[in-house]
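**Q** Hey, dropping upload_34.csv in here, CSV, C-alpha atoms:
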chain,number,residue,atom,x,y,z
A,13,MET,CA,-54.3,-60.3,43.4
A,14,ARG,CA,-55.4,-58.5,46.5
A,15,GLN,CA,-54.7,-54.8,46.8
A,16,ASP,CA,-52.8,-53.4,49.7
A,17,TYR,CA,-54.9,-51.3,52.1
A,18,LYS,CA,-52.7,-48.2,51.3
A,19,GLU,CA,-53.4,-48.6,47.6
A,20,ILE,CA,-57.1,-48.9,48.2
A,21,ALA,CA,-57.1,-45.9,50.6
A,22,THR,CA,-55.3,-43.8,47.9
A,23,THR,CA,-58.0,-44.7,45.4
A,24,VAL,CA,-60.8,-43.8,47.9
A,25,VAL,CA,-59.2,-40.5,49.0
A,26,ASN,CA,-58.7,-39.4,45.4
A,27,ASP,CA,-62.5,-39.8,44.8
A,28,PRO,CA,-64.5,-40.2,48.0
A,29,THR,CA,-67.8,-39.5,46.3
A,30,ASN,CA,-67.8,-43.0,44.7
A,31,TYR,CA,-67.7,-44.7,48.1
A,32,LYS,CA,-69.6,-44.9,51.4
A,33,VAL,CA,-68.8,-46.1,54.9
A,34,CYS,CA,-70.9,-48.9,56.5
A,35,GLU,CA,-72.4,-47.7,59.7
A,36,VAL,CA,-72.3,-51.2,61.2
A,37,CYS,CA,-68.8,-52.5,60.6
A,38,GLY,CA,-67.0,-49.4,59.3
A,39,ALA,CA,-66.0,-50.9,55.9
A,40,VAL,CA,-65.5,-48.6,53.0
A,41,VAL,CA,-67.6,-49.9,50.1
A,42,ASP,CA,-68.5,-48.8,46.5
A,43,LYS,CA,-71.3,-46.4,46.4
A,44,ALA,CA,-73.3,-48.6,44.1
A,45,SER,CA,-73.4,-51.5,46.6
A,46,PRO,CA,-76.9,-51.9,48.0
A,47,THR,CA,-75.5,-53.8,51.1
A,48,CYS,CA,-72.1,-54.1,52.8
A,49,PRO,CA,-70.2,-57.1,51.3
A,50,ASP,CA,-68.6,-57.7,54.7
A,51,CYS,CA,-71.6,-57.6,57.1
A,52,GLN,CA,-74.7,-57.3,54.8
A,53,ALA,CA,-75.8,-54.1,56.5
A,54,TYR,CA,-77.6,-51.5,54.5
A,55,ARG,CA,-77.0,-48.3,56.5
A,56,PHE,CA,-74.2,-46.1,55.2
A,57,ASP,CA,-72.6,-42.7,55.6
A,58,SER,CA,-71.7,-41.1,52.3
A,59,ASP,CA,-70.1,-37.9,53.6
A,60,PRO,CA,-66.9,-37.5,51.5
A,61,GLY,CA,-64.9,-36.2,54.5
A,62,HIS,CA,-65.9,-39.2,56.6
A,63,VAL,CA,-65.2,-41.6,53.8
A,64,SER,CA,-61.7,-40.2,53.3
A,65,ASP,CA,-61.0,-40.2,57.0
A,66,ARG,CA,-62.1,-43.8,57.4
A,67,ALA,CA,-60.0,-44.9,54.4
A,68,VAL,CA,-56.9,-43.3,55.9
A,69,ASP,CA,-57.6,-44.9,59.3
A,70,MET,CA,-58.0,-48.3,57.7
A,71,ALA,CA,-54.7,-48.0,55.8
A,72,ALA,CA,-52.9,-47.2,59.0
A,73,ILE,CA,-53.8,-50.5,60.7
A,74,PRO,CA,-52.9,-54.1,59.8
A,75,GLN,CA,-55.6,-56.4,58.5
A,76,HIS,CA,-56.9,-58.4,61.4
A,77,ALA,CA,-59.9,-60.2,59.8
A,78,VAL,CA,-60.5,-62.6,57.0
A,79,SER,CA,-62.5,-61.0,54.2
A,80,ARG,CA,-64.3,-62.7,51.4
A,81,HIS,CA,-61.4,-61.6,49.1
A,82,ASP,CA,-59.0,-63.7,51.2
A,83,VAL,CA,-61.2,-66.8,50.9
A,84,LEU,CA,-61.7,-66.4,47.1
A,85,GLU,CA,-58.0,-66.2,46.4
Output the structure of this file as structure tokens.

**A**
Amino acid sequence: MRQDYKEIATTVVNDPTNYKVCEVCGAVVDKASPTCPDCQAYRFDSDPGHVSDRAVDMAAIPQHAVSRHDVLE
């Protein structure tokens, strides 16, 4: 089952050092991911403050794109 953006944001904000922000599409991804699962980019910003801010921003807007998680469900 797909998690709500607010639940995901809470997880990220509680431990931002385990995540990074894709510099191409703005997705928040797991720090262990070598490439962005959404756009396949490999440039990231790992600053915990930026990661937390991006997660909060994403939680505040409705989903407007189809992700690979939507397709796999």

**Q** Under the rule that all atoms listed in the file are counted, which of A:Arg66, A:Cys37, A:Pro74, A:Asp57 is the nearest residue to A:Val24?

**A**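 Answer, going by the shortest atom-to-atom distance: A:Arg66.
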
**Q** Expressed in Å to a single decimal, how great is the separation between atom CA of A:Asp50 and atom CA of A:Asp27?

**A**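 These two atoms are separated by 21.3 Å.
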
**Q** What is the distance, in Å and to one decimal place, between atom CA of A:Cys51 and atom CA of A:Thr22?

**A** 23.3 Å

**Q** Mind checking which residues fall within 7 Å of A:Ala71, counting all atoms listed in the file, ignoring those fewer than 6 positions away in the same chain, and posting them as an mmCIF file with C-alpha atoms, in the coordinates of the input?

**A**
data_model
loop_
_atom_site.group_PDB
_atom_site.id
_atom_site.type_symbol
_atom_site.label_atom_id
_atom_site.label_comp_id
_atom_site.auth_asym_id
_atom_site.auth_seq_id
_atom_site.Cartn_x
_atom_site.Cartn_y
_atom_site.Cartn_z
ATOM 1 C CA TYR A 17 -54.900 -51.300 52.100
ATOM 2 C CA LYS A 18 -52.700 -48.200 51.300
ATOM 3 C CA ALA A 21 -57.100 -45.900 50.600
#

**Q** For A:Val63, find every residue with an atom within 8 Å (counting only C-alpha atoms), except residues of its own chain fewer than 6 positions away, and show them as a list in words.

**A**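 Counting only the stated atoms, we get Val24, Val25, Pro28, Tyr31, Lys32, Val33, Val40 and Asp57 of chain A.
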
**Q** For A:Glu19, which residue out of A:Ala67, A:Ile73, A:Cys48, A:Ala39 is the nearest one, using only C-alpha atoms?

**A**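 With only C-alpha atoms as the atom set, the closest residue is A:Ala67.
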
**Q** Separation of atom CA of A:Ala53 and atom CA of A:Val36, in Å?

**A**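 Atom CA of A:Ala53 sits 6.5 Å away from atom CA of A:Val36.
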
**Q** I'd like to know which of A:Pro60, A:Met70, A:Tyr54, A:Pro49 is closest to A:Asn30, using only C-alpha atoms.

**A** A:Pro60

**Q** Taking all atoms listed in the file into account, name the residue in A:Ala72, A:Glu35, A:Ile20, A:Thr29 that is nearest to A:Thr47.

**A**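 Nearest to A:Thr47: A:Glu35.
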
**Q** Mind rebuilding stretch 30-49 of chain A with N, CA and C atoms and writing that out as a PDB file, in the frame of the given file?

**A**
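Output file rebuild.pdb follows:
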ATOM      1  N   ASN A  30     -67.366 -41.657  45.304  1.00  0.00           N
ATOM      2  CA  ASN A  30     -67.800 -43.000  44.700  1.00  0.00           C
ATOM      3  C   ASN A  30     -67.819 -44.057  45.791  1.00  0.00           C
ATOM      4  N   TYR A  31     -67.677 -43.686  47.063  1.00  0.00           N
ATOM      5  CA  TYR A  31     -67.700 -44.700  48.100  1.00  0.00           C
ATOM      6  C   TYR A  31     -68.536 -44.226  49.295  1.00  0.00           C
ATOM      7  N   LYS A  32     -68.787 -45.148  50.207  1.00  0.00           N
ATOM      8  CA  LYS A  32     -69.600 -44.900  51.400  1.00  0.00           C
ATOM      9  C   LYS A  32     -69.025 -45.761  52.529  1.00  0.00           C
ATOM     10  N   VAL A  33     -69.310 -45.369  53.775  1.00  0.00           N
ATOM     11  CA  VAL A  33     -68.800 -46.100  54.900  1.00  0.00           C
ATOM     12  C   VAL A  33     -70.017 -46.858  55.562  1.00  0.00           C
ATOM     13  N   CYS A  34     -69.849 -48.155  55.785  1.00  0.00           N
ATOM     14  CA  CYS A  34     -70.900 -48.900  56.500  1.00  0.00           C
ATOM     15  C   CYS A  34     -70.984 -48.473  57.906  1.00  0.00           C
ATOM     16  N   GLU A  35     -72.188 -48.156  58.353  1.00  0.00           N
ATOM     17  CA  GLU A  35     -72.400 -47.700  59.700  1.00  0.00           C
ATOM     18  C   GLU A  35     -72.387 -48.817  60.741  1.00  0.00           C
ATOM     19  N   VAL A  36     -72.366 -50.056  60.291  1.00  0.00           N
ATOM     20  CA  VAL A  36     -72.300 -51.200  61.200  1.00  0.00           C
ATOM     21  C   VAL A  36     -70.921 -51.664  61.455  1.00  0.00           C
ATOM     22  N   CYS A  37     -70.172 -51.958  60.369  1.00  0.00           N
ATOM     23  CA  CYS A  37     -68.800 -52.500  60.600  1.00  0.00           C
ATOM     24  C   CYS A  37     -67.697 -51.551  60.206  1.00  0.00           C
ATOM     25  N   GLY A  38     -68.020 -50.407  59.583  1.00  0.00           N
ATOM     26  CA  GLY A  38     -67.000 -49.400  59.300  1.00  0.00           C
ATOM     27  C   GLY A  38     -66.265 -49.654  57.963  1.00  0.00           C
ATOM     28  N   ALA A  39     -66.688 -50.631  57.180  1.00  0.00           N
ATOM     29  CA  ALA A  39     -66.000 -50.900  55.900  1.00  0.00           C
ATOM     30  C   ALA A  39     -66.306 -49.773  54.912  1.00  0.00           C
ATOM     31  N   VAL A  40     -65.343 -49.514  54.052  1.00  0.00           N
ATOM     32  CA  VAL A  40     -65.500 -48.600  53.000  1.00  0.00           C
ATOM     33  C   VAL A  40     -65.944 -49.394  51.752  1.00  0.00           C
ATOM     34  N   VAL A  41     -67.114 -49.074  51.191  1.00  0.00           N
ATOM     35  CA  VAL A  41     -67.600 -49.900  50.100  1.00  0.00           C
ATOM     36  C   VAL A  41     -67.989 -48.953  48.901  1.00  0.00           C
ATOM     37  N   ASP A  42     -68.100 -49.547  47.737  1.00  0.00           N
ATOM     38  CA  ASP A  42     -68.500 -48.800  46.500  1.00  0.00           C
ATOM     39  C   ASP A  42     -69.880 -48.248  46.707  1.00  0.00           C
ATOM     40  N   LYS A  43     -70.071 -47.040  46.232  1.00  0.00           N
ATOM     41  CA  LYS A  43     -71.300 -46.400  46.400  1.00  0.00           C
ATOM     42  C   LYS A  43     -72.519 -47.104  45.783  1.00  0.00           C
ATOM     43  N   ALA A  44     -72.252 -47.892  44.754  1.00  0.00           N
ATOM     44  CA  ALA A  44     -73.300 -48.600  44.100  1.00  0.00           C
ATOM     45  C   ALA A  44     -73.771 -49.874  44.819  1.00  0.00           C
ATOM     46  N   SER A  45     -73.033 -50.300  45.820  1.00  0.00           N
ATOM     47  CA  SER A  45     -73.400 -51.500  46.600  1.00  0.00           C
ATOM     48  C   SER A  45     -74.647 -51.272  47.407  1.00  0.00           C
ATOM     49  N   PRO A  46     -75.666 -52.114  47.247  1.00  0.00           N
ATOM     50  CA  PRO A  46     -76.900 -51.900  48.000  1.00  0.00           C
ATOM     51  C   PRO A  46     -76.699 -52.366  49.501  1.00  0.00           C
ATOM     52  N   THR A  47     -75.797 -53.320  49.726  1.00  0.00           N
ATOM     53  CA  THR A  47     -75.500 -53.800  51.100  1.00  0.00           C
ATOM     54  C   THR A  47     -73.995 -53.913  51.248  1.00  0.00           C
ATOM     55  N   CYS A  48     -73.560 -53.934  52.489  1.00  0.00           N
ATOM     56  CA  CYS A  48     -72.100 -54.100  52.800  1.00  0.00           C
ATOM     57  C   CYS A  48     -71.721 -55.526  52.457  1.00  0.00           C
ATOM     58  N   PRO A  49     -70.660 -55.710  51.667  1.00  0.00           N
ATOM     59  CA  PRO A  49     -70.200 -57.100  51.300  1.00  0.00           C
ATOM     60  C   PRO A  49     -69.628 -57.802  52.538  1.00  0.00           C
TER      61      PRO A  49
END
